[in-house]
>>> print(open('structure-v4.cif').read())   # mmCIF, C-alpha atoms
data_entry
#
loop_
_atom_site.label_atom_id
_atom_site.label_comp_id
_atom_site.auth_asym_id
_atom_site.auth_seq_id
_atom_site.Cartn_x
_atom_site.Cartn_y
_atom_site.Cartn_z
CA GLY A 806 -28.88 16.76 -54.71
CA PHE A 807 -30.77 15.82 -51.54
CA ASN A 808 -29.71 15.42 -47.92
CA ILE A 809 -30.82 12.10 -46.42
CA GLU A 810 -31.01 11.56 -42.65
CA VAL A 811 -30.37 8.01 -41.48
CA PHE A 812 -30.48 6.75 -37.89
CA ILE A 813 -27.77 4.14 -38.26
CA GLU A 814 -28.69 2.24 -35.06
CA GLY A 815 -32.36 2.04 -36.00
CA THR A 816 -33.51 3.14 -32.52
CA ARG A 817 -32.23 4.95 -29.46
CA SER A 818 -29.93 2.89 -27.25
CA ARG A 819 -31.48 1.92 -23.91
CA ASN A 820 -28.17 1.86 -22.03
CA GLY A 821 -26.14 4.52 -23.82
CA LYS A 822 -23.95 2.05 -25.68
CA LEU A 823 -23.87 2.04 -29.45
CA LEU A 824 -25.95 -0.63 -31.14
CA LEU A 825 -25.00 -2.66 -34.20
CA PRO A 826 -25.58 -0.69 -37.41
CA LYS A 827 -28.75 -1.19 -39.42
CA LEU A 828 -27.52 -1.41 -42.98
CA GLY A 829 -30.80 -1.31 -44.91
CA MET A 830 -30.78 2.38 -45.81
CA LEU A 831 -27.03 2.42 -46.49
CA SER A 832 -27.50 -0.50 -48.86
CA ILE A 833 -30.34 1.30 -50.66
CA ILE A 834 -28.20 4.42 -51.06
CA LEU A 835 -25.15 2.52 -52.31
CA ASN A 836 -27.30 0.47 -54.69
CA ALA A 837 -28.67 3.73 -56.07
CA VAL A 838 -25.08 4.89 -56.69
CA HIS A 839 -24.35 1.51 -58.25
CA GLN A 840 -27.22 2.09 -60.67
CA GLY A 841 -25.95 5.55 -61.60
CA ALA A 842 -28.32 7.72 -59.53
CA CYS A 843 -25.48 10.08 -58.55
CA GLU A 844 -21.73 10.45 -58.92
CA HIS A 845 -20.62 11.22 -55.40
CA LEU A 846 -21.77 11.06 -51.77
CA THR A 847 -20.48 12.39 -48.48
CA PHE A 848 -21.53 10.77 -45.19
CA VAL A 849 -21.46 12.93 -42.06
CA PRO A 850 -21.72 10.88 -38.83
CA ILE A 851 -23.40 12.83 -36.03
CA TYR A 852 -23.39 12.02 -32.31
CA ILE A 853 -26.57 12.94 -30.40
CA GLY A 854 -26.59 12.47 -26.62
CA TYR A 855 -28.81 13.54 -23.73
CA ASP A 856 -28.42 14.36 -20.05
CA ARG A 857 -31.79 12.74 -19.50
CA VAL A 858 -34.51 11.33 -21.71
CA PRO A 859 -38.27 11.67 -21.07
CA GLU A 860 -38.71 7.87 -21.25
CA GLU A 861 -36.46 7.07 -18.26
CA GLY A 862 -39.18 5.03 -16.56
CA ALA A 863 -39.94 3.09 -19.72
CA TYR A 864 -36.26 2.34 -20.30
CA ILE A 865 -35.84 0.94 -16.79
CA HIS A 866 -38.97 -1.18 -17.27
CA GLU A 867 -37.55 -2.61 -20.51
CA ILE A 868 -34.07 -3.24 -19.06
CA GLU A 869 -35.71 -5.19 -16.21
CA GLY A 870 -37.34 -7.46 -18.78
CA GLY A 871 -40.59 -5.65 -19.55
CA GLN A 872 -41.97 -5.28 -23.05
CA LYS A 873 -41.71 -2.01 -24.94
CA ALA A 874 -45.13 -0.39 -25.08
CA PRO A 875 -46.31 0.31 -28.65
CA GLU A 876 -46.56 3.98 -29.56
CA SER A 877 -50.06 5.42 -29.54
CA PHE A 878 -51.94 8.67 -29.93
CA GLY A 879 -52.54 8.68 -26.16
CA GLN A 880 -48.79 8.66 -25.56
CA PHE A 881 -48.45 11.63 -27.89
CA ILE A 882 -51.02 13.58 -25.84
CA ARG A 883 -49.37 12.69 -22.53
CA ALA A 884 -45.99 13.73 -23.90
CA ARG A 885 -47.09 17.37 -23.72
CA ARG A 886 -46.84 17.23 -19.92
CA LEU A 887 -43.34 15.75 -20.10
CA LEU A 888 -42.10 18.44 -22.46
CA LYS A 889 -42.81 21.09 -19.83
CA LYS A 890 -40.15 19.57 -17.56
CA ARG A 891 -36.41 20.20 -17.74
CA PHE A 892 -34.33 17.27 -18.98
CA GLY A 893 -30.91 18.89 -19.12
CA ARG A 894 -28.87 19.34 -22.26
CA ILE A 895 -28.71 17.71 -25.66
CA TYR A 896 -25.23 17.17 -27.08
CA ILE A 897 -24.68 17.22 -30.86
CA GLN A 898 -21.22 16.52 -32.26
CA PHE A 899 -20.43 16.48 -35.98
CA CYS A 900 -17.76 13.97 -37.01
CA THR A 901 -15.24 14.19 -39.84
CA PRO A 902 -17.16 13.51 -43.09
CA LEU A 903 -16.60 10.22 -44.92
CA ARG A 904 -16.24 10.77 -48.67
CA LEU A 905 -17.43 7.95 -50.88
CA ARG A 906 -14.64 8.70 -53.36
CA ASP A 907 -12.04 8.11 -50.64
CA LEU A 908 -13.62 4.73 -49.91
CA GLU A 909 -13.65 3.91 -53.62
CA ASN A 910 -9.94 4.75 -53.80
CA GLU A 911 -9.29 2.35 -50.91
CA TYR A 912 -11.26 -0.41 -52.61
CA GLY A 913 -9.68 0.32 -55.98
CA ALA A 914 -13.02 0.51 -57.81
CA ARG A 915 -15.98 2.80 -58.33
CA VAL A 916 -19.24 1.71 -56.72
CA ARG A 917 -21.00 1.65 -60.09
CA ASP A 918 -18.39 -0.85 -61.33
CA MET A 919 -18.57 -3.16 -58.30
CA HIS A 920 -20.38 -6.48 -58.15
CA ALA A 921 -23.37 -6.79 -55.82
CA ARG A 922 -21.29 -8.73 -53.26
CA GLU A 923 -18.67 -5.97 -53.21
CA VAL A 924 -21.36 -3.33 -52.67
CA ARG A 925 -22.67 -5.33 -49.67
CA THR A 926 -19.14 -5.54 -48.27
CA LEU A 927 -18.71 -1.79 -48.68
CA SER A 928 -22.06 -1.22 -46.96
CA ARG A 929 -20.96 -3.21 -43.89
CA ASP A 930 -17.61 -1.43 -43.82
CA LEU A 931 -19.25 1.97 -44.14
CA GLY A 932 -21.71 1.19 -41.33
CA SER A 933 -18.82 0.19 -39.07
CA ARG A 934 -16.88 3.36 -39.90
CA VAL A 935 -19.91 5.55 -39.17
CA LEU A 936 -20.37 3.96 -35.72
CA GLN A 937 -16.66 4.25 -34.92
CA ALA A 938 -16.76 7.93 -35.85
CA ILE A 939 -19.80 8.50 -33.62
CA ASP A 940 -18.14 6.63 -30.77
CA ARG A 941 -15.09 8.90 -30.97
CA GLN A 942 -17.37 11.95 -30.56
CA THR A 943 -19.30 10.60 -27.56
CA VAL A 944 -19.78 13.16 -24.77
CA VAL A 945 -19.46 11.89 -21.20
CA THR A 946 -22.25 13.36 -19.06
CA PRO A 947 -22.46 13.68 -15.25
CA GLN A 948 -25.29 11.13 -15.30
CA ALA A 949 -23.16 8.57 -17.13
CA LEU A 950 -20.15 9.22 -14.91
CA ALA A 951 -22.12 8.94 -11.65
CA ALA A 952 -23.94 5.81 -12.84
CA ALA A 953 -20.63 4.18 -13.79
CA ALA A 954 -19.22 4.96 -10.34
CA LEU A 955 -22.28 3.46 -8.63
CA LEU A 956 -22.30 0.33 -10.79
CA ASN A 957 -18.57 -0.22 -10.36
CA ARG A 958 -19.13 -1.62 -6.86
CA PRO A 959 -20.52 -5.17 -6.66
CA HIS A 960 -22.28 -4.57 -3.31
CA LYS A 961 -25.60 -2.82 -2.80
CA ALA A 962 -24.08 -0.13 -0.57
CA ILE A 963 -21.41 2.38 -1.55
CA SER A 964 -20.04 5.37 0.34
CA ARG A 965 -19.60 8.85 -1.08
CA ASP A 966 -15.83 8.50 -0.65
CA GLN A 967 -15.90 5.38 -2.81
CA ILE A 968 -18.01 7.16 -5.42
CA ASP A 969 -15.55 10.06 -5.50
CA PHE A 970 -12.62 7.63 -5.81
CA HIS A 971 -14.21 5.95 -8.84
CA VAL A 972 -15.13 9.31 -10.37
CA ASP A 973 -11.55 10.59 -9.99
CA THR A 974 -10.21 7.38 -11.56
CA PHE A 975 -12.60 7.66 -14.49
CA MET A 976 -11.83 11.35 -15.02
CA THR A 977 -8.08 10.66 -15.05
CA TYR A 978 -8.64 8.02 -17.71
CA LEU A 979 -10.95 10.25 -19.77
CA GLU A 980 -8.49 13.13 -19.68
CA ALA A 981 -5.64 10.83 -20.72
CA ARG A 982 -7.70 9.59 -23.67
CA GLN A 983 -8.84 13.16 -24.47
CA ILE A 984 -12.50 12.13 -24.32
CA THR A 985 -15.01 14.98 -24.60
CA CYS A 986 -16.88 15.67 -21.36
CA ALA A 987 -19.95 17.78 -20.68
CA GLU A 988 -19.30 21.40 -19.76
CA THR A 989 -20.65 20.82 -16.26
CA LEU A 990 -17.95 18.21 -15.65
CA ALA A 991 -15.25 20.46 -17.04
CA ALA A 992 -16.36 23.27 -14.70
CA ASP A 993 -16.78 21.36 -11.41
CA VAL A 994 -16.80 17.57 -11.32
CA GLN A 995 -17.79 17.21 -7.66
CA HIS A 996 -20.69 19.65 -7.93
CA ALA A 997 -21.96 17.97 -11.09
CA VAL A 998 -21.81 14.51 -9.48
CA THR A 999 -23.52 15.76 -6.31
CA ARG A 1000 -26.41 17.21 -8.33
CA THR A 1001 -26.70 13.99 -10.29
CA LEU A 1002 -26.79 11.84 -7.14
CA LYS A 1003 -29.54 14.07 -5.71
CA HIS A 1004 -31.53 13.54 -8.90
CA PHE A 1005 -31.04 9.78 -8.63
CA VAL A 1006 -32.37 9.93 -5.07
CA GLN A 1007 -35.39 12.01 -6.13
CA GLN A 1008 -36.16 9.50 -8.88
CA LYS A 1009 -35.73 6.65 -6.36
CA TYR A 1010 -32.97 5.02 -8.38
CA ILE A 1011 -30.81 4.99 -5.24
CA LYS A 1012 -31.55 5.42 -1.54
CA PRO A 1013 -29.28 7.25 0.94
CA PHE A 1014 -28.48 5.70 4.29
CA LYS A 1015 -26.50 6.59 7.40
CA ALA A 1016 -23.82 4.24 8.62
CA LYS A 1017 -24.37 2.83 12.11
CA ALA A 1018 -22.18 4.31 14.81
CA GLU A 1019 -19.54 1.92 16.15
CA GLY A 1020 -19.67 0.80 19.78
#
>>> encode(input="structure-v4.cif", output="structure tokens")
Amino acid sequence: GFNIEVFIEGTRSRNGKLLLPKLGMLSIILNAVHQGACEHLTFVPIYIGYDRVPEEGAYIHEIEGGQKAPESFGQFIRARRLLKKRFGRIYIQFCTPLRLRDLENEYGARVRDMHAREVRTLSRDLGSRVLQAIDRQTVVTPQALAAAALLNRPHKAISRDQIDFHVDTFMTYLEARQITCAETLAADVQHAVTRTLKHFVQQKYIKPFKAKAEG
């Protein structure tokens, strides 16, 4: 009779990609069903994405090889200043629920009648299905699109025309696959990318330059 919230990846992804599922809580829940704690469960995968996160600087530090700083009371106090800034939108997408009874029908047995090894197998399968459901609901943001266009070129320099070419290619692919995009991309792709590039410049992630005149 209770709702239980589980963060299936265990932590927030540093690069936006889904992490391998942490199966500890799923195993505890399924073991409880195995022991007769309840008759039925429904799992609702939920996608949560961000335009920006307050810990951008910390993420970059960790990706470059730095150690994650342990959480402290001082960080909690300093977070008040960060929360006064604008970090864009948060995207929440609810996926099609996964009914435990449907999974039991596929496996041909009730969880309470399974052996411990079968329950572990079901736990791994369920974790994989949850991640796949979340992946299908992923929202493509202007930040992700612009970053992909920038990183798609192996050289340090890239022109705006090249960025636009990559963006158009990605958008054609996303539309063909019917991938959900942020509202700002649906309204005006070029404007959204331009704003994102300006933000990258302000944050010193990229640096603009002027091409030298020929002759």
>>> atom_distance(input="structure-v4.cif", atom1="atom CA of A:His839", atom2="atom CA of A:Val924")
8.0 Å
>>> closest_residue(input="structure-v4.cif", among="A:Gln942, A:Thr974, A:Lys1009, A:Thr816", to="A:Asn957", atoms="only C-alpha atoms")
A:Thr974
>>> residues_around(input="structure-v4.cif", residues="A:Arg965", least_positions_apart="2", cutoff="12 Å", atoms="all atoms listed in the file", output="PyMOL selection string")
chain A and resi 951+954-955+958+962-963+967-972+995+998-999+1002+1013-1016
>>> write_last_selection(input="structure-v4.cif", atoms="C-alpha atoms", output="mmCIF file, in the coordinates of the input")
data_model
loop_
_atom_site.group_PDB
_atom_site.id
_atom_site.type_symbol
_atom_site.label_atom_id
_atom_site.label_comp_id
_atom_site.auth_asym_id
_atom_site.auth_seq_id
_atom_site.Cartn_x
_atom_site.Cartn_y
_atom_site.Cartn_z
ATOM 1 C CA ALA A 951 -22.120 8.940 -11.650
ATOM 2 C CA ALA A 954 -19.220 4.960 -10.340
ATOM 3 C CA LEU A 955 -22.280 3.460 -8.630
ATOM 4 C CA ARG A 958 -19.130 -1.620 -6.860
ATOM 5 C CA ALA A 962 -24.080 -0.130 -0.570
ATOM 6 C CA ILE A 963 -21.410 2.380 -1.550
ATOM 7 C CA GLN A 967 -15.900 5.380 -2.810
ATOM 8 C CA ILE A 968 -18.010 7.160 -5.420
ATOM 9 C CA ASP A 969 -15.550 10.060 -5.500
ATOM 10 C CA PHE A 970 -12.620 7.630 -5.810
ATOM 11 C CA HIS A 971 -14.210 5.950 -8.840
ATOM 12 C CA VAL A 972 -15.130 9.310 -10.370
ATOM 13 C CA GLN A 995 -17.790 17.210 -7.660
ATOM 14 C CA VAL A 998 -21.810 14.510 -9.480
ATOM 15 C CA THR A 999 -23.520 15.760 -6.310
ATOM 16 C CA LEU A 1002 -26.790 11.840 -7.140
ATOM 17 C CA PRO A 1013 -29.280 7.250 0.940
ATOM 18 C CA PHE A 1014 -28.480 5.700 4.290
ATOM 19 C CA LYS A 1015 -26.500 6.590 7.400
ATOM 20 C CA ALA A 1016 -23.820 4.240 8.620
#
>>> closest_residue(input="structure-v4.cif", among="A:Gly829, A:Pro850, A:Gly815, A:Pro875", to="A:Cys900", atoms="all atoms listed in the file")
A:Pro850
>>> resolve_selection(input="structure-v4.cif", expression="the PyMOL selection byres ((chain A and resi 913-918) around 10)", output="list in words")
Leu835, Asn836, Ala837, Val838, His839, Gln840, Gly841, Ala842, Cys843, Glu844, His845, Leu905, Arg906, Asp907, Leu908, Glu909, Asn910, Glu911, Tyr912, Met919, His920, Ala921, Glu923, Val924 and Leu927 of chain A
>>> axis_aligned_box(input="structure-v4.cif", around="stretch 915-933 of chain A", padding_each_side="4 Å", output="AutoDock Vina command-line options")
--center_x -19.7 --center_y -3.0 --center_z -50.2 --size_x 15.4 --size_y 19.5 --size_z 30.3
>>> residues_near_point(input="structure-v4.cif", point="(-24.9, 6.2, -16.5)", cutoff="12 Å", atoms="only C-alpha atoms", output="NGL selection string")
:A and (819-822 or 855-857 or 861 or 944-957 or 972 or 998 or 1001-1002 or 1005 or 1010)
>>> write_last_selection(input="structure-v4.cif", atoms="C-alpha atoms", output="CSV table (one decimal), in the frame of the given file")
chain,number,residue,atom,x,y,z
A,819,ARG,CA,-31.5,1.9,-23.9
A,820,ASN,CA,-28.2,1.9,-22.0
A,821,GLY,CA,-26.1,4.5,-23.8
A,822,LYS,CA,-24.0,2.0,-25.7
A,855,TYR,CA,-28.8,13.5,-23.7
A,856,ASP,CA,-28.4,14.4,-20.0
A,857,ARG,CA,-31.8,12.7,-19.5
A,861,GLU,CA,-36.5,7.1,-18.3
A,944,VAL,CA,-19.8,13.2,-24.8
A,945,VAL,CA,-19.5,11.9,-21.2
A,946,THR,CA,-22.2,13.4,-19.1
A,947,PRO,CA,-22.5,13.7,-15.2
A,948,GLN,CA,-25.3,11.1,-15.3
A,949,ALA,CA,-23.2,8.6,-17.1
A,950,LEU,CA,-20.2,9.2,-14.9
A,951,ALA,CA,-22.1,8.9,-11.6
A,952,ALA,CA,-23.9,5.8,-12.8
A,953,ALA,CA,-20.6,4.2,-13.8
A,954,ALA,CA,-19.2,5.0,-10.3
A,955,LEU,CA,-22.3,3.5,-8.6
A,956,LEU,CA,-22.3,0.3,-10.8
A,957,ASN,CA,-18.6,-0.2,-10.4
A,972,VAL,CA,-15.1,9.3,-10.4
A,998,VAL,CA,-21.8,14.5,-9.5
A,1001,THR,CA,-26.7,14.0,-10.3
A,1002,LEU,CA,-26.8,11.8,-7.1
A,1005,PHE,CA,-31.0,9.8,-8.6
A,1010,TYR,CA,-33.0,5.0,-8.4
>>> residues_around(input="structure-v4.cif", residues="A:Phe848", least_positions_apart="6", cutoff="12 Å", atoms="only C-alpha atoms", output="list of chain:residue names")
A:Asn808, A:Ile809, A:Glu810, A:Val811, A:Ile813, A:Leu831, A:Ile834, A:Leu835, A:Phe899, A:Cys900, A:Thr901, A:Pro902, A:Leu903, A:Arg904, A:Leu905, A:Arg906, A:Asp907, A:Leu908, A:Leu931, A:Gly932, A:Arg934, A:Val935, A:Leu936, A:Ala938, A:Ile939
>>> closest_residue(input="structure-v4.cif", among="A:Ser818, A:Thr943, A:Gln1007, A:Ser964", to="A:Gln983", atoms="only C-alpha atoms")
A:Thr943
>>> residues_around(input="structure-v4.cif", residues="A:Leu828", least_positions_apart="2", cutoff="7 Å", atoms="only C-alpha atoms", output="list in words")
Pro826, Met830, Leu831, Ser832, Ser928, Arg929 and Gly932 of chain A
>>> atom_distance(input="structure-v4.cif", atom1="atom CA of A:Val849", atom2="atom CA of A:Tyr978")
28.0 Å
>>> atom_distance(input="structure-v4.cif", atom1="atom CA of A:Lys1012", atom2="atom CA of A:Arg1000")
14.5 Å
>>> closest_residue(input="structure-v4.cif", among="A:Ser877, A:Leu846, A:Tyr852, A:Arg894", to="A:Glu988", atoms="all atoms listed in the file")
A:Arg894
>>> closest_residue(input="structure-v4.cif", among="A:Gln1008, A:Phe975, A:Ile851, A:His960", to="A:Ile897", atoms="only C-alpha atoms")
A:Ile851
>>> closest_residue(input="structure-v4.cif", among="A:Arg817, A:Lys827, A:Arg925, A:Arg941", to="A:Thr985", atoms="only C-alpha atoms")
A:Arg941
